[in-house]
2 protein chains.
Amino acid sequence: MNFNVLLQDKVNEVDDIVKSFLPEEKGYQQTVLKAMNYSVLAGGKRLRPLLMQEVFKLFSGNGKVVCPFMAAMEMIHTYSLVHDDLPAMDNDEYRRGRKTTHVVFGEAMGILAGDALLNYAYETAIGAFSYVGSGDSAQTGRIISALKVLGRKAGIYGMVGGQVKDVEATENNEQIDKDTLQFIYNLKTGALLEGSMVIGAILAGASDEDIKKTENIASKIGMAFQIQDDILDVIGSAEALGKPIGSDDKNNKATYVSLYGLENAKAEVVRLTNEAIDLLKDLPGEKDFLKELLLWLVNREK
Amino acid sequence: MNFNVLLQDKVNEVDDIVKSFLPEEKGYQQTVLKAMNYSVLAGGKRLRPLLMQEVFKLFSGNGKVVCPFMAAMEMIHTYSLVHDDLPAMDNDEYRRGRKTTHVVFGEAMGILAGDALLNYAYETAIGAFSYVGSGDSAQTGRIISALKVLGRKAGIYGMVGGQVKDVEATENNEQIDKDTLQFIYNLKTGALLEGSMVIGAILAGASDEDIKKTENIASKIGMAFQIQDDILDVIGSAEALGKPIGSDDKNNKATYVSLYGLENAKAEVVRLTNEAIDLLKDLPGEKDFLKELLLWLVNREK
């Protein structure tokens, strides 16, 4: 099957899984439920849950235990976008071609919808225990490990840590060095991608060694993905991206492109992706789609 | 021992437990770690972890498994205050006698510090599994139940749900009725108090019936506590409270006092507290301190 058709099929499947965990829009608090669902349903590539599911399958994972974690990861990714878009942060009015959550629902509701999504992500992931028989201590142990990874990769030693340094460097016009940029990218973007792939491996019962390899691959993809994002902010089209281009420049943000130039950035994306694909060969299972997915990430235009 | 001395001893002990779970202020992301610690260390009554610990002891709970949950609950309570104080929410510059987090660290860092605290609360609570031997499936099961309660009581069917309706009613100048006020108070304030006491009972291995009774007591205390808060916003002293009084009035907020009058509010606090203390008699164990604590909550002036 053609990769793009297959990708769309898989994204649709992931979409259905994510949607099945969203709250019903009813009750006194329904405004925040609408705001949460509006944010998640804005679309996007569903890359994180898709990678989680693909790695889960790679290691012959069975059953639905991965589904609540797929939804939780997408909720965490979405909350971070909702808060990033706030006036006190990047102050973006458009995201994925639609008005941002705080523009539609007001700033207070934007803050609360982000909080609600983050909390609901944990409620949802914790719900994974209900998929396990009470005697199955191996599977219970895997869910516990997956929860630990989720917490770490989303928090101060993961995504939030990266966001903080990113915001601070931008606000203070800091001249950041290569190490700081590496820290920001590893955490801000890399951490959730690493978390997604590692959780897929853990829940499928992969060995510690294979989990380590998976994390290494994810780390390279995360870095390549963020640099590609920088590149698209410079050379992409606003129409394809669904948001204004040049926002990094507008916000005076140091990026891989601003520090190293466009051509070096492009070369780095290719290098990292090739390394990731090389490492992928060491893993078991059917890897054709995953490999094509990684290549697609490099060549994506939005 | 005199109640106030005993209370201070216990608060100090709870304080030490909460502090032991706070992050070290180092690394590229240290600004957010400082902002998190600044917010948590602003003091406050530590009421939620204290109640959790007291209920844990009431049901003969043993060991340290309750400690990460005590810290997690205080982090969740603190993140909600940090976000509540933001300009787009209540826009408060003082809290517990000190400048609020966003005033000291900037608005973007206020948003991120709140996010970081919420996420770290889950990281911390999930860490409770490391206190349990791998063969102890009963204790593992209790931690799973406690995590479910934590998630539910903090989220859209708990605290956040109440905050949302509260913010919305205030922004839109809604004439709210008794049911809506009950909903807001039950969730905004009651949910975390219920969660604290119920988690204490669950982790100690209390029976389902006793857990239900505990939740009922906590629900009444939560309502009494929030009405007392409304009363203090009208008749309290800014010095004792460490924040300006009259903020509900300034924000045009419907409260129990504005809907029913000061005397009815005072009577309702007494009624609910008496009911809670009556129900407490049904529970096992040594209850003298817990009873005095509930009475202190009614008579508190800050």
# chains A, B, ... in the order shown; residues from 1 in each chain; ligands from 1
>>> closest_atom_pairs(of="chain B", to="chain A", cutoff="8 Å", atoms="only C-alpha atoms", output="tab-separated table")
residue	atom	partner	partner_atom	distance
B:Tyr28	CA	A:Lys165	CA	6.4
B:Gln29	CA	A:Gly161	CA	5.2
B:Thr31	CA	A:Val164	CA	7.6
B:Val32	CA	A:Val164	CA	6.6
B:Leu33	CA	A:Ile156	CA	7.8
B:His83	CA	A:Ile111	CA	7.6
B:Ala88	CA	A:Ala108	CA	5.3
B:Met89	CA	A:Ala108	CA	5.5
B:Glu107	CA	A:Ala88	CA	6.0
B:Ala108	CA	A:Ala88	CA	5.3
B:Met109	CA	A:Val164	CA	7.2
B:Ile111	CA	A:His83	CA	7.6
B:Leu112	CA	A:Val164	CA	7.0
B:Asp115	CA	A:Asp115	CA	7.0
B:Ala116	CA	A:Gly155	CA	5.9
B:Leu118	CA	A:Asn119	CA	7.5
B:Asn119	CA	A:Gly155	CA	5.6
B:Tyr120	CA	A:Gly155	CA	6.3
B:Tyr122	CA	A:Gly151	CA	6.6
B:Glu123	CA	A:Gly151	CA	4.9
B:Ile126	CA	A:Lys148	CA	6.5
B:Gly127	CA	A:Lys148	CA	7.5
B:Phe129	CA	A:Ile144	CA	7.7
B:Ser137	CA	A:Ser137	CA	7.7
B:Ile144	CA	A:Ile126	CA	7.7
B:Leu147	CA	A:Ile126	CA	7.1
B:Lys148	CA	A:Ile126	CA	6.5
B:Gly151	CA	A:Glu123	CA	4.9
B:Arg152	CA	A:Glu123	CA	6.6
B:Ala154	CA	A:Asn119	CA	7.2
B:Gly155	CA	A:Asn119	CA	5.7
B:Ile156	CA	A:Ala116	CA	6.1
B:Val160	CA	A:Ala116	CA	6.4
B:Gly161	CA	A:Gln29	CA	5.2
B:Gly162	CA	A:Gln29	CA	7.1
B:Val164	CA	A:Gln29	CA	5.9
B:Lys165	CA	A:Gln29	CA	5.5
B:Val167	CA	A:Ala108	CA	7.6
B:Thr180	CA	A:Tyr28	CA	7.5
B:Phe183	CA	A:Tyr28	CA	7.8
>>> residues_around(residues="segment 189-204 of chain B", least_positions_apart="3", cutoff="9 Å", atoms="only C-alpha atoms", output="MDAnalysis selection string")
chainID B and resid 47:62 65:66 69:70 73 76:77 139 142:143 145:147 149:150 152:154 157:159 162:163 184:186 207:208 210:212 214:223 225:226
>>> residues_around(residues="Ser258 of chain A", least_positions_apart="2", cutoff="12 Å", atoms="only C-alpha atoms", output="ChimeraX atom specification")
/A:175-178,181,227,230-231,233-234,246,248-249,252-256,260-265
>>> select_by_dssp(residues="segment 144-258 of chain A", states="alpha helix (DSSP H)", output="JSON, numbers by chain")
{"A": [144, 145, 146, 147, 148, 149, 150, 151, 152, 153, 154, 159, 160, 161, 162, 163, 164, 165, 166, 167, 168, 169, 170, 171, 178, 179, 180, 181, 182, 183, 184, 185, 191, 192, 193, 194, 195, 196, 197, 198, 199, 200, 201, 202, 203, 208, 209, 210, 211, 212, 213, 214, 215, 216, 217, 218, 219, 220, 221, 222, 223, 224, 225, 226, 227, 228, 229, 230, 231, 232, 233, 234, 235, 238, 239, 240, 241, 247, 248, 249, 250, 256, 257, 258]}
>>> atom_distance(atom1="atom CA of Ala35 of chain B", atom2="atom CA of Leu22 of chain B")
11.3 Å
